[in-house]
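Text of final-v6.txt (compact mmCIF, C-alpha atoms) as supplied:
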```txt
# COMPACT_ATOMS: atom_id res chain seq x y z
CA MET A 1 -15.81 -67.20 26.33
CA THR A 2 -12.11 -67.77 26.96
CA SER A 3 -10.47 -70.32 24.68
CA PRO A 4 -7.89 -72.82 26.03
CA ARG A 5 -5.22 -71.03 24.02
CA SER A 6 -6.17 -67.65 25.50
CA ALA A 7 -6.22 -69.08 29.00
CA LEU A 8 -2.74 -70.49 28.50
CA VAL A 9 -1.49 -67.15 27.18
CA VAL A 10 -2.90 -65.35 30.22
CA ALA A 11 -1.34 -67.86 32.58
CA LEU A 12 2.06 -67.63 30.96
CA THR A 13 1.84 -63.85 30.95
CA GLY A 14 1.29 -63.85 34.69
CA LEU A 15 4.31 -66.08 35.24
CA LEU A 16 6.51 -63.92 33.04
CA LEU A 17 5.47 -60.58 34.41
CA ALA A 18 5.75 -61.65 38.03
CA GLY A 19 9.53 -61.46 37.67
CA CYS A 20 9.54 -58.39 35.46
CA SER A 21 11.09 -55.04 36.38
CA ILE A 22 11.71 -52.23 33.90
CA ASN A 23 12.28 -48.53 33.98
CA VAL A 24 8.95 -46.91 33.19
CA ASN A 25 10.56 -44.62 30.65
CA ASP A 26 12.48 -47.33 28.81
CA ARG A 27 10.82 -48.70 25.73
CA PRO A 28 12.28 -52.09 24.83
CA ALA A 29 10.96 -53.86 21.78
CA SER A 30 9.65 -56.70 23.93
CA PRO A 31 8.95 -57.00 27.66
CA PRO A 32 12.04 -58.02 29.62
CA VAL A 33 11.65 -61.00 31.94
CA SER A 34 13.79 -62.37 34.74
CA ALA A 35 16.42 -65.01 34.12
CA ALA A 36 14.34 -67.43 36.17
CA ALA A 37 11.29 -67.04 33.94
CA PRO A 38 10.09 -70.23 32.21
CA GLN A 39 10.80 -70.69 28.54
CA ALA A 40 7.90 -71.02 26.14
CA SER A 41 7.55 -74.57 24.86
CA SER A 42 6.74 -73.26 21.37
CA PRO A 43 5.95 -69.99 19.61
CA THR A 44 2.23 -70.81 19.84
CA HIS A 45 2.54 -70.59 23.64
CA ASP A 46 4.43 -67.28 23.68
CA PRO A 47 2.47 -64.68 25.70
CA ARG A 48 3.29 -61.99 23.09
CA LEU A 49 1.79 -63.91 20.18
CA ASN A 50 -1.75 -62.54 20.16
CA ALA A 51 -0.64 -58.95 20.67
CA THR A 52 1.88 -59.19 17.84
CA LEU A 53 -0.67 -60.74 15.50
CA TYR A 54 -3.06 -57.94 16.43
CA MET A 55 -0.39 -55.39 15.50
CA GLN A 56 0.32 -57.05 12.17
CA ARG A 57 -2.94 -58.60 11.00
CA SER A 58 -5.93 -56.89 12.54
CA GLU A 59 -7.86 -54.31 10.57
CA GLU A 60 -8.81 -52.82 13.93
CA LEU A 61 -5.22 -51.81 14.78
CA ARG A 62 -4.74 -50.19 11.38
CA ARG A 63 -7.92 -48.20 11.78
CA LEU A 64 -7.11 -47.21 15.38
CA SER A 65 -3.74 -45.81 14.35
CA GLU A 66 -5.29 -43.93 11.43
CA GLN A 67 -8.02 -42.71 13.78
CA ALA A 68 -5.46 -41.31 16.23
CA TYR A 69 -3.78 -39.30 13.52
CA ALA A 70 -7.12 -38.21 12.06
CA LEU A 71 -8.05 -36.88 15.51
CA ALA A 72 -4.69 -35.07 15.64
CA THR A 73 -5.50 -33.42 12.31
CA LEU A 74 -8.81 -32.19 13.69
CA ARG A 75 -7.13 -30.84 16.84
CA LEU A 76 -4.19 -29.21 15.09
CA GLY A 77 -5.88 -25.88 14.40
CA ASP A 78 -6.84 -25.38 18.04
CA ALA A 79 -3.42 -26.53 19.23
CA LEU A 80 -1.87 -23.78 17.11
CA ALA A 81 -4.40 -21.09 17.90
CA LYS A 82 -4.81 -21.55 21.63
CA PRO A 83 -2.05 -20.56 24.05
CA GLY A 84 -0.24 -23.20 26.05
CA SER A 85 2.12 -26.12 25.59
CA ALA A 86 1.87 -29.90 25.35
CA ALA A 87 4.96 -30.14 27.57
CA LEU A 88 4.30 -29.76 31.28
CA GLU A 89 7.95 -28.71 31.58
CA GLN A 90 7.25 -25.64 29.42
CA SER A 91 5.69 -23.66 32.25
CA ASP A 92 5.56 -20.37 30.34
CA GLY A 93 3.49 -21.98 27.57
CA GLY A 94 6.11 -21.17 24.96
CA GLN A 95 4.54 -17.82 24.16
CA GLY A 96 6.16 -16.08 21.20
CA LYS A 97 8.10 -19.13 20.04
CA PRO A 98 7.56 -21.00 16.74
CA PRO A 99 5.57 -24.25 17.01
CA ALA A 100 6.90 -27.78 17.27
CA ALA A 101 5.34 -31.23 17.67
CA ILE A 102 7.08 -34.10 19.47
CA PHE A 103 6.85 -37.73 18.42
CA ASP A 104 8.08 -40.94 19.96
CA VAL A 105 9.48 -43.28 17.28
CA ASP A 106 8.82 -46.95 18.01
CA GLU A 107 5.17 -47.99 17.70
CA THR A 108 4.29 -44.31 17.23
CA VAL A 109 5.67 -43.50 13.77
CA LEU A 110 7.56 -46.75 13.07
CA ASP A 111 6.19 -50.29 13.36
CA ASN A 112 8.70 -52.77 14.82
CA SER A 113 6.36 -55.74 15.07
CA PRO A 114 8.57 -57.85 12.73
CA HIS A 115 11.25 -57.75 15.42
CA GLN A 116 8.71 -58.93 17.98
CA ALA A 117 7.68 -61.71 15.59
CA ARG A 118 11.30 -62.79 15.17
CA ALA A 119 11.77 -62.92 18.94
CA ILE A 120 8.67 -65.12 19.26
CA LEU A 121 9.79 -67.51 16.52
CA ALA A 122 13.31 -67.65 17.97
CA GLY A 123 11.98 -68.44 21.46
CA LYS A 124 13.58 -65.31 22.94
CA LEU A 125 11.43 -64.54 25.95
CA GLU A 126 13.99 -62.18 27.48
CA PHE A 127 14.60 -58.80 25.90
CA ASP A 128 17.89 -59.14 24.04
CA VAL A 129 19.41 -55.72 23.40
CA GLY A 130 21.79 -57.12 20.80
CA PHE A 131 18.93 -58.80 18.94
CA TRP A 132 17.01 -55.51 19.05
CA ASP A 133 20.02 -53.53 17.85
CA GLU A 134 20.41 -55.86 14.88
CA TRP A 135 16.85 -54.97 13.90
CA VAL A 136 17.55 -51.24 14.28
CA SER A 137 20.62 -51.61 12.05
CA GLU A 138 18.47 -53.13 9.28
CA ARG A 139 16.54 -49.84 8.99
CA ALA A 140 13.51 -51.90 8.01
CA ALA A 141 10.69 -50.64 10.25
CA THR A 142 7.59 -49.50 8.35
CA PRO A 143 5.41 -46.45 9.08
CA MET A 144 2.49 -46.64 11.48
CA PRO A 145 -0.80 -46.07 9.65
CA GLY A 146 -1.69 -42.41 9.38
CA ALA A 147 1.68 -41.09 10.53
CA LEU A 148 3.11 -40.13 7.13
CA ASP A 149 0.19 -37.92 6.10
CA PHE A 150 0.05 -36.15 9.45
CA VAL A 151 3.77 -35.40 9.59
CA ALA A 152 3.54 -34.09 6.02
CA GLU A 153 0.73 -31.77 7.12
CA LEU A 154 2.85 -30.44 9.99
CA ARG A 155 5.68 -29.68 7.61
CA ARG A 156 3.30 -28.01 5.20
CA ARG A 157 2.36 -25.68 8.05
CA ASN A 158 6.02 -25.04 8.95
CA ILE A 159 5.72 -26.81 12.29
CA ARG A 160 8.97 -28.31 13.53
CA VAL A 161 8.80 -32.13 13.87
CA VAL A 162 10.99 -33.59 16.61
CA PHE A 163 11.49 -37.29 17.34
CA ILE A 164 12.34 -38.18 20.95
CA THR A 165 13.06 -41.89 21.29
CA ASN A 166 14.48 -44.30 23.81
CA ARG A 167 16.34 -46.14 21.13
CA GLU A 168 19.65 -46.20 22.97
CA CYS A 169 23.07 -45.09 21.82
CA ARG A 170 25.55 -47.96 22.01
CA PRO A 171 28.68 -48.69 19.94
CA ARG A 172 28.86 -51.80 17.77
CA ALA A 173 31.75 -54.21 17.44
CA ASN A 174 32.02 -53.54 13.69
CA ALA A 175 32.25 -49.75 14.25
CA PRO A 176 33.60 -49.13 17.76
CA ALA A 177 34.54 -45.52 16.99
CA ASP A 178 30.91 -44.50 16.47
CA PRO A 179 29.27 -43.95 19.89
CA CYS A 180 25.77 -43.87 18.42
CA PRO A 181 25.25 -45.62 15.06
CA GLN A 182 21.55 -45.81 15.98
CA ILE A 183 21.17 -42.14 15.05
CA GLN A 184 22.01 -42.69 11.40
CA ASP A 185 20.04 -45.94 11.31
CA THR A 186 16.93 -44.15 12.52
CA LEU A 187 17.37 -41.13 10.25
CA VAL A 188 17.76 -43.39 7.21
CA ASN A 189 14.83 -45.58 8.21
CA LEU A 190 12.58 -42.53 8.63
CA LYS A 191 13.64 -41.15 5.25
CA ASN A 192 13.30 -44.45 3.43
CA VAL A 193 9.67 -44.93 4.49
CA GLY A 194 8.58 -41.43 3.53
CA PHE A 195 9.20 -39.07 6.44
CA GLY A 196 11.74 -37.16 4.37
CA ASP A 197 15.05 -35.70 5.47
CA VAL A 198 15.04 -35.38 9.26
CA ALA A 199 17.70 -33.05 10.65
CA ALA A 200 20.02 -34.70 13.15
CA SER A 201 19.00 -32.03 15.67
CA ASP A 202 15.40 -33.21 15.35
CA LEU A 203 16.19 -36.73 16.56
CA MET A 204 17.02 -37.26 20.25
CA LEU A 205 18.06 -40.69 21.52
CA LYS A 206 18.55 -42.08 25.00
CA GLY A 207 22.21 -41.76 25.98
CA GLN A 208 22.90 -39.07 23.39
CA ASN A 209 24.33 -35.96 25.09
CA GLY A 210 23.92 -37.82 28.37
CA TRP A 211 20.12 -37.84 28.12
CA PRO A 212 18.46 -40.39 30.45
CA SER A 213 15.46 -42.58 29.65
CA ASP A 214 13.12 -39.98 31.19
CA LYS A 215 12.27 -37.73 28.27
CA ALA A 216 11.69 -34.55 30.32
CA SER A 217 15.16 -33.14 29.68
CA ARG A 218 14.75 -33.62 25.95
CA ARG A 219 11.35 -31.95 25.96
CA MET A 220 12.95 -29.07 27.84
CA GLU A 221 15.65 -28.84 25.16
CA VAL A 222 13.00 -28.38 22.47
CA ALA A 223 11.10 -25.94 24.68
CA LYS A 224 14.11 -23.59 24.77
CA THR A 225 13.41 -22.51 21.21
CA HIS A 226 9.89 -23.74 20.32
CA ARG A 227 6.37 -23.96 21.70
CA ILE A 228 5.46 -27.64 21.87
CA ILE A 229 1.91 -27.68 20.58
CA MET A 230 1.31 -31.47 20.55
CA SER A 231 2.94 -34.71 21.74
CA PHE A 232 2.50 -38.20 20.27
CA GLY A 233 3.40 -41.57 21.75
CA ASP A 234 2.32 -45.06 22.74
CA GLN A 235 3.43 -44.65 26.38
CA PHE A 236 2.30 -42.42 29.23
CA SER A 237 5.96 -41.40 29.66
CA ASP A 238 5.98 -39.95 26.14
CA MET A 239 3.78 -37.20 27.54
CA MET A 240 5.10 -36.64 31.06
CA THR A 241 7.36 -38.14 33.70
CA VAL A 242 6.04 -41.19 35.57
CA THR A 243 7.86 -43.80 37.62
CA ARG A 244 7.47 -47.54 38.02
CA ARG A 245 6.64 -46.99 41.69
CA GLN A 246 3.35 -45.46 40.58
CA GLY A 247 0.81 -48.28 40.32
CA PRO A 248 -2.31 -48.34 38.14
CA ASP A 249 -4.47 -46.33 40.56
CA GLU A 250 -1.87 -43.60 40.99
CA ARG A 251 -1.24 -43.50 37.26
CA ARG A 252 -4.96 -43.05 36.65
CA THR A 253 -5.10 -40.21 39.18
CA LEU A 254 -2.11 -38.58 37.50
CA SER A 255 -3.72 -39.01 34.10
CA ASP A 256 -7.01 -37.55 35.32
CA ALA A 257 -5.19 -34.50 36.67
CA HIS A 258 -4.30 -33.65 33.06
CA ALA A 259 -7.56 -34.77 31.46
CA ALA A 260 -7.76 -31.70 29.25
CA MET A 261 -4.52 -32.68 27.49
CA TRP A 262 -5.59 -36.12 26.29
CA GLY A 263 -7.04 -36.07 22.80
CA THR A 264 -6.20 -32.38 22.33
CA ARG A 265 -2.47 -31.88 22.83
CA TRP A 266 -1.59 -35.48 23.78
CA ILE A 267 -2.40 -38.15 21.19
CA VAL A 268 -1.90 -41.84 22.04
CA ILE A 269 -1.12 -44.48 19.41
CA PRO A 270 -2.34 -47.98 20.40
CA ASN A 271 0.33 -50.55 21.27
CA PRO A 272 -0.83 -53.86 22.80
CA SER A 273 2.60 -55.50 22.52
CA TYR A 274 4.60 -53.98 25.38
CA GLY A 275 4.62 -51.01 27.69
CA ALA A 276 5.50 -49.56 31.04
CA TRP A 277 1.91 -50.08 32.16
CA LEU A 278 2.88 -53.75 32.59
CA ASP A 279 5.53 -52.81 35.11
CA ALA A 280 2.97 -50.86 37.12
CA LEU A 281 0.79 -53.93 37.71
CA PRO A 282 0.85 -55.62 41.12
CA ASP A 283 2.53 -58.95 41.78
CA PRO A 284 1.05 -61.41 40.97
CA THR A 285 -0.44 -59.78 37.92
CA THR A 286 -3.54 -61.97 38.19
CA SER A 287 -4.53 -59.81 41.17
CA ALA A 288 -5.05 -56.95 38.74
CA LEU A 289 -7.81 -58.79 36.89
CA ARG A 290 -11.34 -57.43 37.20
CA THR A 291 -14.16 -59.94 37.43
CA ARG A 292 -16.92 -57.34 37.73
```
As a first step, turn the structure in this file into structure tokens.
Amino acid sequence: MTSPRSALVVALTGLLLAGCSINVNDRPASPPVSAAAPQASSPTHDPRLNATLYMQRSEELRRLSEQAYALATLRLGDALAKPGSAALEQSDGGQGKPPAAIFDVDETVLDNSPHQARAILAGKLEFDVGFWDEWVSERAATPMPGALDFVAELRRRNIRVVFITNRECRPRANAPADPCPQIQDTLVNLKNVGFGDVAASDLMLKGQNGWPSDKASRRMEVAKTHRIIMSFGDQFSDMMTVTRRQGPDERRTLSDAHAAMWGTRWIVIPNPSYGAWLDALPDPTTSALRTR
């Protein structure tokens, strides 16, 4: 049965997302909405509230994240032993190259739900890049459950660990000479929570070296020297290129075309808070609801 609160959340979500347009490969910390979108009357009416509470307080989310990395541990031996690559861009399969695994950062190895909670409590319905960048500068994100142990296992096996993130390079007013302070922020955050010393070459941000939000060019950069045995992320676009013009049915067809990759070389970490899948929904979003 749907509670009045849940019904209100669904209704507000439809209103917000009707004006929403994002690049499918961008990964903001909260869904952007149009300037004309209504403001929530209180945090209890914010459409992101339940998803953020699920991220922070549900035992189910913790176990799902641990389960994803446990599955990755089980699949690792085959991923190493069998020929082929997790990157569709690596058409030669990476034969003869040392192994590497690619990870997204936000909501894949680092949990940014406190930023989402702050946005809810502050009544910020629109994605505020400055507000997000303040959070990045705090270097305070915590590890996603299961991620630390799995990354440690990769390193034990001498598998290169590469982080490809759409955290975006942008100068700050207090350090205008640094074109990408977000690099050091992310490296320090990863080290502080237990991922160890990550080489600067193993972290690739949006805007760095001219890289766009589509991660294909960064996967190709890794593929020059390594065989990409596995990829990890909370978004379809962490695995392959998709566009916002591809609706849910087309995305499903595209996903089915690579069914053998899911759960073997491609491992998805659950993220109910935001995602490009929202942008792929029709307008109005209520038309996407299934009643049977």
Checklist line | Local residues around (-8.3, -38.7, 12.8), at most 12 Å away, using all atoms listed in the file, as a list of chain:residue names | finding: A:Arg63, A:Leu64, A:Ser65, A:Glu66, A:Gln67, A:Ala68, A:Tyr69, A:Ala70, A:Leu71, A:Ala72, A:Thr73, A:Leu74, A:Arg75, A:Leu76, A:Pro145, A:Gly146, A:Ala147, A:Asp149, A:Phe150, A:Gly263, A:Thr264, A:Ile267, A:Val268, A:Ile269
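Among A:Ile164, A:Ala257, A:Val151, A:Ala276, the residue with the shortest atom-to-atom distance to Ala216 of chain A, counting only C-alpha atoms, is A:Ile164.
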Next item on the list: Counting all atoms listed in the file, figure out which residue out of A:Gly247, A:Glu153, A:Val188, A:Trp262 gets nearest to Pro282 of chain A.
Entry: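 Under the stated criterion, the closest residue is A:Gly247.
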Would you be able to write out as a compact mmCIF listing (two decimals) with C-alpha atoms, in the coordinates of the input which residues have an atom within 8 Å of (9.8, -17.4, 19.7) in the file's coordinates, counting all atoms listed in the file?
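File produced: point.txt:
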```txt
# COMPACT_ATOMS: atom_id res chain seq x y z
CA GLY A 94 6.11 -21.17 24.96
CA GLN A 95 4.54 -17.82 24.16
CA GLY A 96 6.16 -16.08 21.20
CA LYS A 97 8.10 -19.13 20.04
CA PRO A 98 7.56 -21.00 16.74
CA THR A 225 13.41 -22.51 21.21
CA HIS A 226 9.89 -23.74 20.32
CA ARG A 227 6.37 -23.96 21.70
```
Checklist line | Point-to-point distance from atom CA of Met204 of chain A to atom CA of Arg218 of chain A, Å rounded to tenths | finding: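 Computing the Euclidean distance for atom CA of Met204 of chain A and atom CA of Arg218 of chain A yields 7.1 Å.
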